[in-house]
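> File target24.cif follows (mmCIF, C-alpha atoms):
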data_model
#
loop_
_atom_site.group_PDB
_atom_site.id
_atom_site.type_symbol
_atom_site.label_atom_id
_atom_site.label_comp_id
_atom_site.auth_asym_id
_atom_site.auth_seq_id
_atom_site.Cartn_x
_atom_site.Cartn_y
_atom_site.Cartn_z
ATOM 1 C CA MET A 1071 110.446 95.297 87.041
ATOM 2 C CA SER A 1072 109.280 92.403 89.167
ATOM 3 C CA ASP A 1073 111.302 91.084 92.086
ATOM 4 C CA ASP A 1074 112.098 87.982 90.069
ATOM 5 C CA GLU A 1075 113.412 90.079 87.143
ATOM 6 C CA ASN A 1076 115.498 92.193 89.531
ATOM 7 C CA ARG A 1077 116.953 89.045 91.104
ATOM 8 C CA ARG A 1078 117.915 87.636 87.691
ATOM 9 C CA ARG A 1079 119.382 90.980 86.654
ATOM 10 C CA PHE A 1080 121.350 91.170 89.913
ATOM 11 C CA GLU A 1081 122.694 87.658 89.406
ATOM 12 C CA SER A 1082 123.784 88.394 85.846
ATOM 13 C CA LEU A 1083 125.275 91.852 86.511
ATOM 14 C CA ALA A 1084 126.704 91.760 90.029
ATOM 15 C CA MET A 1085 127.543 88.164 90.883
ATOM 16 C CA PRO A 1086 130.275 87.737 88.230
ATOM 17 C CA HIS A 1087 132.218 90.417 90.141
ATOM 18 C CA LEU A 1088 131.981 88.807 93.567
ATOM 19 C CA SER A 1089 135.687 87.938 93.615
ATOM 20 C CA ALA A 1090 136.686 91.547 92.836
ATOM 21 C CA ALA A 1091 134.286 92.787 95.513
ATOM 22 C CA TYR A 1092 135.820 90.492 98.098
ATOM 23 C CA ASN A 1093 139.358 91.381 97.015
ATOM 24 C CA LEU A 1094 138.727 95.107 97.470
ATOM 25 C CA ALA A 1095 136.990 94.584 100.815
ATOM 26 C CA ARG A 1096 139.833 92.332 101.996
ATOM 27 C CA TRP A 1097 142.473 94.920 101.202
ATOM 28 C CA LEU A 1098 140.505 97.746 102.809
ATOM 29 C CA THR A 1099 139.492 95.898 105.982
ATOM 30 C CA ARG A 1100 142.654 93.775 106.206
ATOM 31 C CA ASN A 1101 140.627 90.865 107.534
ATOM 32 C CA ASP A 1102 138.931 87.932 105.805
ATOM 33 C CA HIS A 1103 135.903 87.730 108.093
ATOM 34 C CA ASP A 1104 135.327 91.491 108.091
ATOM 35 C CA ALA A 1105 135.617 91.512 104.301
ATOM 36 C CA GLN A 1106 132.991 88.769 104.062
ATOM 37 C CA ASP A 1107 130.635 90.795 106.276
ATOM 38 C CA VAL A 1108 131.223 93.950 104.261
ATOM 39 C CA VAL A 1109 130.677 92.197 100.931
ATOM 40 C CA GLN A 1110 127.485 90.623 102.227
ATOM 41 C CA GLU A 1111 126.209 94.064 103.274
ATOM 42 C CA ALA A 1112 127.283 95.518 99.914
ATOM 43 C CA LEU A 1113 125.457 92.768 98.030
ATOM 44 C CA VAL A 1114 122.291 93.449 100.021
ATOM 45 C CA ARG A 1115 122.591 97.138 99.086
ATOM 46 C CA ALA A 1116 123.301 96.285 95.451
ATOM 47 C CA MET A 1117 120.300 93.969 95.295
ATOM 48 C CA ARG A 1118 118.118 96.691 96.798
ATOM 49 C CA TYR A 1119 119.190 99.210 94.122
ATOM 50 C CA ILE A 1120 119.651 96.956 91.082
ATOM 51 C CA GLY A 1121 116.423 98.299 89.583
ATOM 52 C CA GLY A 1122 117.976 101.749 89.403
ATOM 53 C CA PHE A 1123 121.248 100.645 87.780
ATOM 54 C CA ARG A 1124 121.366 102.095 84.278
ATOM 55 C CA GLY A 1125 125.086 102.080 83.554
ATOM 56 C CA ASP A 1126 127.149 99.819 81.387
ATOM 57 C CA ASN A 1127 129.818 98.914 83.934
ATOM 58 C CA ALA A 1128 128.335 96.730 86.659
ATOM 59 C CA ARG A 1129 131.787 95.933 88.050
ATOM 60 C CA ALA A 1130 132.601 99.570 88.810
ATOM 61 C CA TRP A 1131 129.073 100.083 90.182
ATOM 62 C CA LEU A 1132 129.399 97.101 92.544
ATOM 63 C CA LEU A 1133 132.922 98.039 93.646
ATOM 64 C CA GLN A 1134 131.723 101.550 94.453
ATOM 65 C CA ILE A 1135 129.052 100.043 96.704
ATOM 66 C CA VAL A 1136 131.666 97.755 98.295
ATOM 67 C CA ARG A 1137 133.981 100.715 98.897
ATOM 68 C CA HIS A 1138 131.217 102.740 100.559
ATOM 69 C CA SER A 1139 130.205 99.716 102.624
ATOM 70 C CA CYS A 1140 133.834 99.211 103.708
ATOM 71 C CA PHE A 1141 134.294 102.773 104.843
ATOM 72 C CA SER A 1142 130.948 102.777 106.655
ATOM 73 C CA TRP A 1143 131.884 99.534 108.373
ATOM 74 C CA LEU A 1144 135.388 100.774 109.265
ATOM 75 C CA LYS A 1145 134.006 104.036 110.644
ATOM 76 C CA GLU A 1146 131.590 102.142 112.861
ATOM 77 C CA ASN A 1147 133.826 99.241 113.901
ATOM 78 C CA ARG A 1148 137.362 100.656 113.734
ATOM 79 C CA PRO A 1149 137.333 104.418 114.104
ATOM 80 C CA ALA A 1150 141.127 104.450 114.446
ATOM 81 C CA GLU A 1151 143.098 102.469 111.866
ATOM 82 C CA ARG A 1152 144.696 99.406 113.434
ATOM 83 C CA VAL A 1153 148.378 98.680 113.063
ATOM 84 C CA TYR A 1154 148.734 96.026 110.393
ATOM 85 C CA GLU A 1155 149.545 92.596 111.733
ATOM 86 C CA ALA A 1156 150.795 90.239 109.061
ATOM 87 C CA ASP A 1157 148.774 87.066 108.880
ATOM 88 C CA ASP A 1158 150.522 84.784 106.444
ATOM 89 C CA GLU A 1159 147.600 82.361 106.374
ATOM 90 C CA ILE A 1160 145.279 84.881 104.714
ATOM 91 C CA HIS A 1161 147.318 85.221 101.544
ATOM 92 C CA HIS A 1162 146.335 82.841 98.814
ATOM 93 C CA ASP A 1163 149.394 81.215 97.306
ATOM 94 C CA ILE A 1164 149.531 80.089 93.713
ATOM 95 C CA ALA A 1165 150.882 76.577 93.474
ATOM 96 C CA ALA A 1166 154.326 76.370 91.928
ATOM 97 C CA PRO A 1167 154.973 74.046 89.029
ATOM 98 C CA ALA A 1168 156.083 70.590 90.213
ATOM 99 C CA THR A 1169 159.466 70.978 88.489
ATOM 100 C CA ASP A 1170 160.504 73.967 90.612
ATOM 101 C CA GLU A 1171 163.267 73.567 93.116
ATOM 102 C CA PRO A 1172 162.333 74.153 96.780
ATOM 103 C CA HIS A 1173 164.498 77.286 97.017
ATOM 104 C CA ALA A 1174 162.679 78.856 94.023
ATOM 105 C CA VAL A 1175 159.296 78.091 95.571
ATOM 106 C CA ALA A 1176 160.438 79.614 98.887
ATOM 107 C CA ALA A 1177 161.755 82.749 97.136
ATOM 108 C CA ARG A 1178 158.446 83.273 95.286
ATOM 109 C CA LYS A 1179 156.482 82.854 98.499
ATOM 110 C CA ALA A 1180 158.743 85.326 100.296
ATOM 111 C CA ASP A 1181 158.344 87.827 97.433
ATOM 112 C CA ARG A 1182 154.545 87.498 97.551
ATOM 113 C CA LEU A 1183 154.510 88.019 101.299
ATOM 114 C CA GLN A 1184 156.758 91.084 100.983
ATOM 115 C CA ILE A 1185 154.501 92.544 98.270
ATOM 116 C CA ASN A 1186 151.347 91.827 100.295
ATOM 117 C CA ARG A 1187 152.858 93.422 103.400
ATOM 118 C CA ALA A 1188 153.960 96.462 101.393
ATOM 119 C CA ILE A 1189 150.455 96.907 99.952
ATOM 120 C CA ALA A 1190 148.878 96.467 103.376
ATOM 121 C CA ALA A 1191 151.223 99.082 104.854
ATOM 122 C CA LEU A 1192 150.117 101.755 102.366
ATOM 123 C CA PRO A 1193 147.756 104.468 103.595
ATOM 124 C CA VAL A 1194 144.216 103.451 102.684
ATOM 125 C CA ALA A 1195 143.797 106.164 100.010
ATOM 126 C CA TYR A 1196 146.855 104.848 98.150
ATOM 127 C CA ARG A 1197 146.067 101.196 98.847
ATOM 128 C CA GLU A 1198 142.582 101.387 97.353
ATOM 129 C CA VAL A 1199 143.702 102.955 94.042
ATOM 130 C CA LEU A 1200 146.612 100.514 93.771
ATOM 131 C CA VAL A 1201 144.357 97.510 94.392
ATOM 132 C CA LEU A 1202 141.731 98.753 91.947
ATOM 133 C CA ARG A 1203 144.298 99.455 89.217
ATOM 134 C CA GLU A 1204 146.932 96.750 89.620
ATOM 135 C CA LEU A 1205 144.932 93.869 91.064
ATOM 136 C CA GLU A 1206 141.484 94.542 89.601
ATOM 137 C CA ASP A 1207 142.761 96.131 86.351
ATOM 138 C CA LEU A 1208 140.226 98.967 86.352
ATOM 139 C CA SER A 1209 140.629 102.087 84.239
ATOM 140 C CA TYR A 1210 141.485 105.450 85.805
ATOM 141 C CA ASN A 1211 137.963 106.640 84.981
ATOM 142 C CA ASP A 1212 136.387 103.661 86.749
ATOM 143 C CA ILE A 1213 138.609 104.169 89.795
ATOM 144 C CA ALA A 1214 137.709 107.872 89.872
ATOM 145 C CA ARG A 1215 134.018 106.963 89.775
ATOM 146 C CA ILE A 1216 134.386 104.308 92.490
ATOM 147 C CA ALA A 1217 136.483 106.487 94.828
ATOM 148 C CA ASP A 1218 134.543 109.656 93.970
ATOM 149 C CA ILE A 1219 137.737 111.589 93.176
ATOM 150 C CA PRO A 1220 139.046 113.317 90.036
ATOM 151 C CA VAL A 1221 141.061 111.262 87.532
ATOM 152 C CA GLY A 1222 144.102 113.439 88.254
ATOM 153 C CA THR A 1223 143.895 112.490 91.917
ATOM 154 C CA VAL A 1224 143.708 108.822 90.930
ATOM 155 C CA MET A 1225 146.877 109.229 88.871
ATOM 156 C CA SER A 1226 148.768 111.084 91.614
ATOM 157 C CA ARG A 1227 147.708 108.618 94.327
ATOM 158 C CA LEU A 1228 148.679 105.732 92.097
ATOM 159 C CA ALA A 1229 152.085 107.279 91.383
ATOM 160 C CA ARG A 1230 152.642 107.852 95.110
ATOM 161 C CA ALA A 1231 151.502 104.297 95.937
ATOM 162 C CA ARG A 1232 153.875 102.844 93.355
ATOM 163 C CA GLY A 1233 156.716 104.952 94.737
ATOM 164 C CA LEU A 1234 156.009 103.761 98.273
ATOM 165 C CA MET A 1235 155.876 100.188 96.995
ATOM 166 C CA ARG A 1236 159.250 100.592 95.255
ATOM 167 C CA GLU A 1237 160.717 101.981 98.451
ATOM 168 C CA ALA A 1238 159.258 99.157 100.535
ATOM 169 C CA MET A 1239 160.586 96.557 98.089
ATOM 170 C CA THR A 1240 164.098 98.035 97.959
ATOM 171 C CA PRO A 1241 166.519 96.364 100.380
ATOM 172 C CA PRO A 1242 167.536 98.728 103.233
ATOM 173 C CA SER A 1243 171.224 98.620 102.248
ATOM 174 C CA THR A 1244 170.366 99.832 98.725
ATOM 175 C CA ARG A 1245 167.982 102.536 99.994
ATOM 176 C CA ALA A 1246 170.814 104.361 101.768
ATOM 177 C CA VAL A 1247 172.859 104.428 98.548
ATOM 178 C CA LEU A 1248 169.925 105.712 96.481
ATOM 179 C CA ARG A 1249 168.919 108.528 98.874
ATOM 180 C CA PRO A 1250 170.079 111.990 97.841
ATOM 181 C CA VAL A 1251 172.728 113.603 100.005
ATOM 182 C CA PRO A 1252 171.308 116.645 101.859
ATOM 183 C CA ARG A 1253 172.846 119.947 100.854
ATOM 184 C CA SER A 1254 174.584 122.072 103.390
ATOM 185 C CA THR A 1255 172.678 125.229 104.332
ATOM 186 C CA ASN A 1256 175.750 127.222 105.352
ATOM 187 C CA GLY A 1257 177.065 127.733 101.810
ATOM 188 C CA ASP A 1258 179.658 124.932 101.774
#
Translate the structure of the given file into structure tokens.

Amino acid sequence: MSDDENRRRFESLAMPHLSAAYNLARWLTRNDHDAQDVVQEALVRAMRYIGGFRGDNARAWLLQIVRHSCFSWLKENRPAERVYEADDEIHHDIAAPATDEPHAVAARKADRLQINRAIAALPVAYREVLVLRELEDLSYNDIARIADIPVGTVMSRLARARGLMREAMTPPSTRAVLRPVPRSTNGD
């Protein structure tokens, strides 16, 4: 294929998934600017290898490149995972209908922030499968291909991520009530 044909193919196959690529990079790097850099690097890689793409799922192919680019970037630039610092300005809010009361708008915003913080607090292995499944709506098979793990591992990581999310979203006063009471080891 000519360079011009590869460019057109790249634009038709990869570019429609730019938002998903950025979303994954944002959740993995936890930073808008870093995510932009990673996606740019991933797009350069994808463009370089578009001639060899023979699959039928360009989205999964591109997200796999983004994931590899993220982890390469993180390894080079942040060898030790940083402690998450919430940056409320980075979360994109969906405008509330004009008829909503201010308290309802505030409650939705608080819920979104709590969910975003809970996702960000997940270990990266759980965060990536949760983002790919729940936010990008990918199949277990696609996630397994992207993360280069078995489907069973995808399912177990997703179950663990959802459990951690439930725990993070449960008010502390309720958590104490829901926790099982430890059994006595002395036979009582």
> Choose the residue, out of A:Glu1198, A:Asp1102, A:Glu1081, A:Asp1207, that has the smallest atom-to-atom separation from A:Arg1137; count all atoms listed in the file.
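Closest candidate: A:Glu1198.
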> Write out as CSV a residue-level contact list of stretch 1076-1105 of chain A versus stretch 1201-1206 of chain A with cut-off 10 Å: for each qualifying residue the closest pair of atoms and the distance in Å to one decimal, counting all atoms listed in the file, rows sorted by chain and residue number upward.

residue,atom,partner,partner_atom,distance
A:Ser1089,CA,A:Glu1206,CA,9.7
A:Ala1090,CA,A:Glu1206,CA,6.5
A:Ala1091,CA,A:Glu1206,CA,9.5
A:Asn1093,CA,A:Val1201,CA,8.3
A:Leu1094,CA,A:Val1201,CA,6.9
A:Trp1097,CA,A:Val1201,CA,7.5
A:Leu1098,CA,A:Val1201,CA,9.3
> Kindly save the residues from that selection, with C-alpha atoms included, as an mmCIF file, in the coordinates of the input.

data_model
loop_
_atom_site.group_PDB
_atom_site.id
_atom_site.type_symbol
_atom_site.label_atom_id
_atom_site.label_comp_id
_atom_site.auth_asym_id
_atom_site.auth_seq_id
_atom_site.Cartn_x
_atom_site.Cartn_y
_atom_site.Cartn_z
ATOM 1 C CA SER A 1089 135.687 87.938 93.615
ATOM 2 C CA ALA A 1090 136.686 91.547 92.836
ATOM 3 C CA ALA A 1091 134.286 92.787 95.513
ATOM 4 C CA ASN A 1093 139.358 91.381 97.015
ATOM 5 C CA LEU A 1094 138.727 95.107 97.470
ATOM 6 C CA TRP A 1097 142.473 94.920 101.202
ATOM 7 C CA LEU A 1098 140.505 97.746 102.809
#
> Selection in question (the file shown): the PyMOL selection byres ((chain A and resi 1117) around 9). Which residues does it include, as a list in words?
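Selected by the PyMOL selection byres ((chain A and resi 1117) around 9) here: Asn1076, Arg1077, Phe1080, Glu1081, Ala1084, Ala1112, Leu1113, Val1114, Arg1115, Ala1116, Arg1118, Tyr1119, Ile1120 and Gly1121 of chain A.
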> Rounded to one decimal, what separation in Å do you get between atom CA of A:Arg1129 and atom CA of A:Trp1143?
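Atom-to-atom, atom CA of A:Arg1129 to atom CA of A:Trp1143, that is 20.6 Å.
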> For atom CA of A:Leu1133 and atom CA of A:Ser1209, determine how far apart the two atoms are, in Å to one decimal place.
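The value is 12.8 Å.
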> Could you jot down the atom CA of A:Glu1146 to atom CA of A:Asp1104 separation for me, Å, one decimal place?
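A separation of 12.3 Å between them.
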> When you count all atoms listed in the file, which of these residues is closest to A:Gly1122: A:His1138, A:Lys1145, A:Arg1236, A:Arg1079?
A:Arg1079
> Check the smallest atom-to-atom distance from each of A:Thr1099, A:Thr1223, A:Ile1185, A:Asp1107 to A:Pro1149 using all atoms listed in the file, then report the winner.
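Ranked by minimum distance to A:Pro1149, first place goes to A:Thr1099.
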> Give as a PyMOL selection string the residues that the PyMOL selection byres ((chain A and resi 1225) around 12) matches when applied to the coordinates above.
chain A and resi 1195-1196+1199-1200+1203+1209-1211+1213-1214+1219-1224+1226-1232
> Generate the missing atoms of stretch 1178-1192 of chain A up to N, CA and C atoms and report them as a PDB file, in the frame of the given file.

ATOM      1  N   ARG A1178     159.703  82.699  95.791  1.00  0.00           N
ATOM      2  CA  ARG A1178     158.446  83.273  95.286  1.00  0.00           C
ATOM      3  C   ARG A1178     157.473  83.564  96.418  1.00  0.00           C
ATOM      4  N   LYS A1179     157.391  82.656  97.366  1.00  0.00           N
ATOM      5  CA  LYS A1179     156.482  82.854  98.499  1.00  0.00           C
ATOM      6  C   LYS A1179     156.928  84.057  99.322  1.00  0.00           C
ATOM      7  N   ALA A1180     158.218  84.181  99.541  1.00  0.00           N
ATOM      8  CA  ALA A1180     158.743  85.326 100.296  1.00  0.00           C
ATOM      9  C   ALA A1180     158.473  86.633  99.556  1.00  0.00           C
ATOM     10  N   ASP A1181     158.630  86.629  98.234  1.00  0.00           N
ATOM     11  CA  ASP A1181     158.344  87.827  97.433  1.00  0.00           C
ATOM     12  C   ASP A1181     156.872  88.215  97.542  1.00  0.00           C
ATOM     13  N   ARG A1182     155.977  87.228  97.429  1.00  0.00           N
ATOM     14  CA  ARG A1182     154.545  87.498  97.551  1.00  0.00           C
ATOM     15  C   ARG A1182     154.207  88.078  98.915  1.00  0.00           C
ATOM     16  N   LEU A1183     154.781  87.515  99.946  1.00  0.00           N
ATOM     17  CA  LEU A1183     154.510  88.019 101.299  1.00  0.00           C
ATOM     18  C   LEU A1183     155.017  89.444 101.460  1.00  0.00           C
ATOM     19  N   GLN A1184     156.210  89.732 100.905  1.00  0.00           N
ATOM     20  CA  GLN A1184     156.758  91.084 100.983  1.00  0.00           C
ATOM     21  C   GLN A1184     155.870  92.068 100.223  1.00  0.00           C
ATOM     22  N   ILE A1185     155.393  91.682  99.058  1.00  0.00           N
ATOM     23  CA  ILE A1185     154.501  92.544  98.270  1.00  0.00           C
ATOM     24  C   ILE A1185     153.195  92.768  99.026  1.00  0.00           C
ATOM     25  N   ASN A1186     152.604  91.694  99.555  1.00  0.00           N
ATOM     26  CA  ASN A1186     151.347  91.827 100.295  1.00  0.00           C
ATOM     27  C   ASN A1186     151.505  92.715 101.524  1.00  0.00           C
ATOM     28  N   ARG A1187     152.618  92.570 102.223  1.00  0.00           N
ATOM     29  CA  ARG A1187     152.858  93.422 103.400  1.00  0.00           C
ATOM     30  C   ARG A1187     153.053  94.878 102.982  1.00  0.00           C
ATOM     31  N   ALA A1188     153.742  95.094 101.871  1.00  0.00           N
ATOM     32  CA  ALA A1188     153.960  96.462 101.393  1.00  0.00           C
ATOM     33  C   ALA A1188     152.641  97.111 100.986  1.00  0.00           C
ATOM     34  N   ILE A1189     151.770  96.365 100.322  1.00  0.00           N
ATOM     35  CA  ILE A1189     150.455  96.907  99.952  1.00  0.00           C
ATOM     36  C   ILE A1189     149.657  97.216 101.204  1.00  0.00           C
ATOM     37  N   ALA A1190     149.653  96.288 102.143  1.00  0.00           N
ATOM     38  CA  ALA A1190     148.878  96.467 103.376  1.00  0.00           C
ATOM     39  C   ALA A1190     149.378  97.654 104.196  1.00  0.00           C
ATOM     40  N   ALA A1191     150.654  97.982 104.082  1.00  0.00           N
ATOM     41  CA  ALA A1191     151.223  99.082 104.854  1.00  0.00           C
ATOM     42  C   ALA A1191     150.925 100.456 104.245  1.00  0.00           C
ATOM     43  N   LEU A1192     150.439 100.478 103.012  1.00  0.00           N
ATOM     44  CA  LEU A1192     150.117 101.755 102.366  1.00  0.00           C
ATOM     45  C   LEU A1192     148.958 102.438 103.078  1.00  0.00           C
TER      46      LEU A1192
END
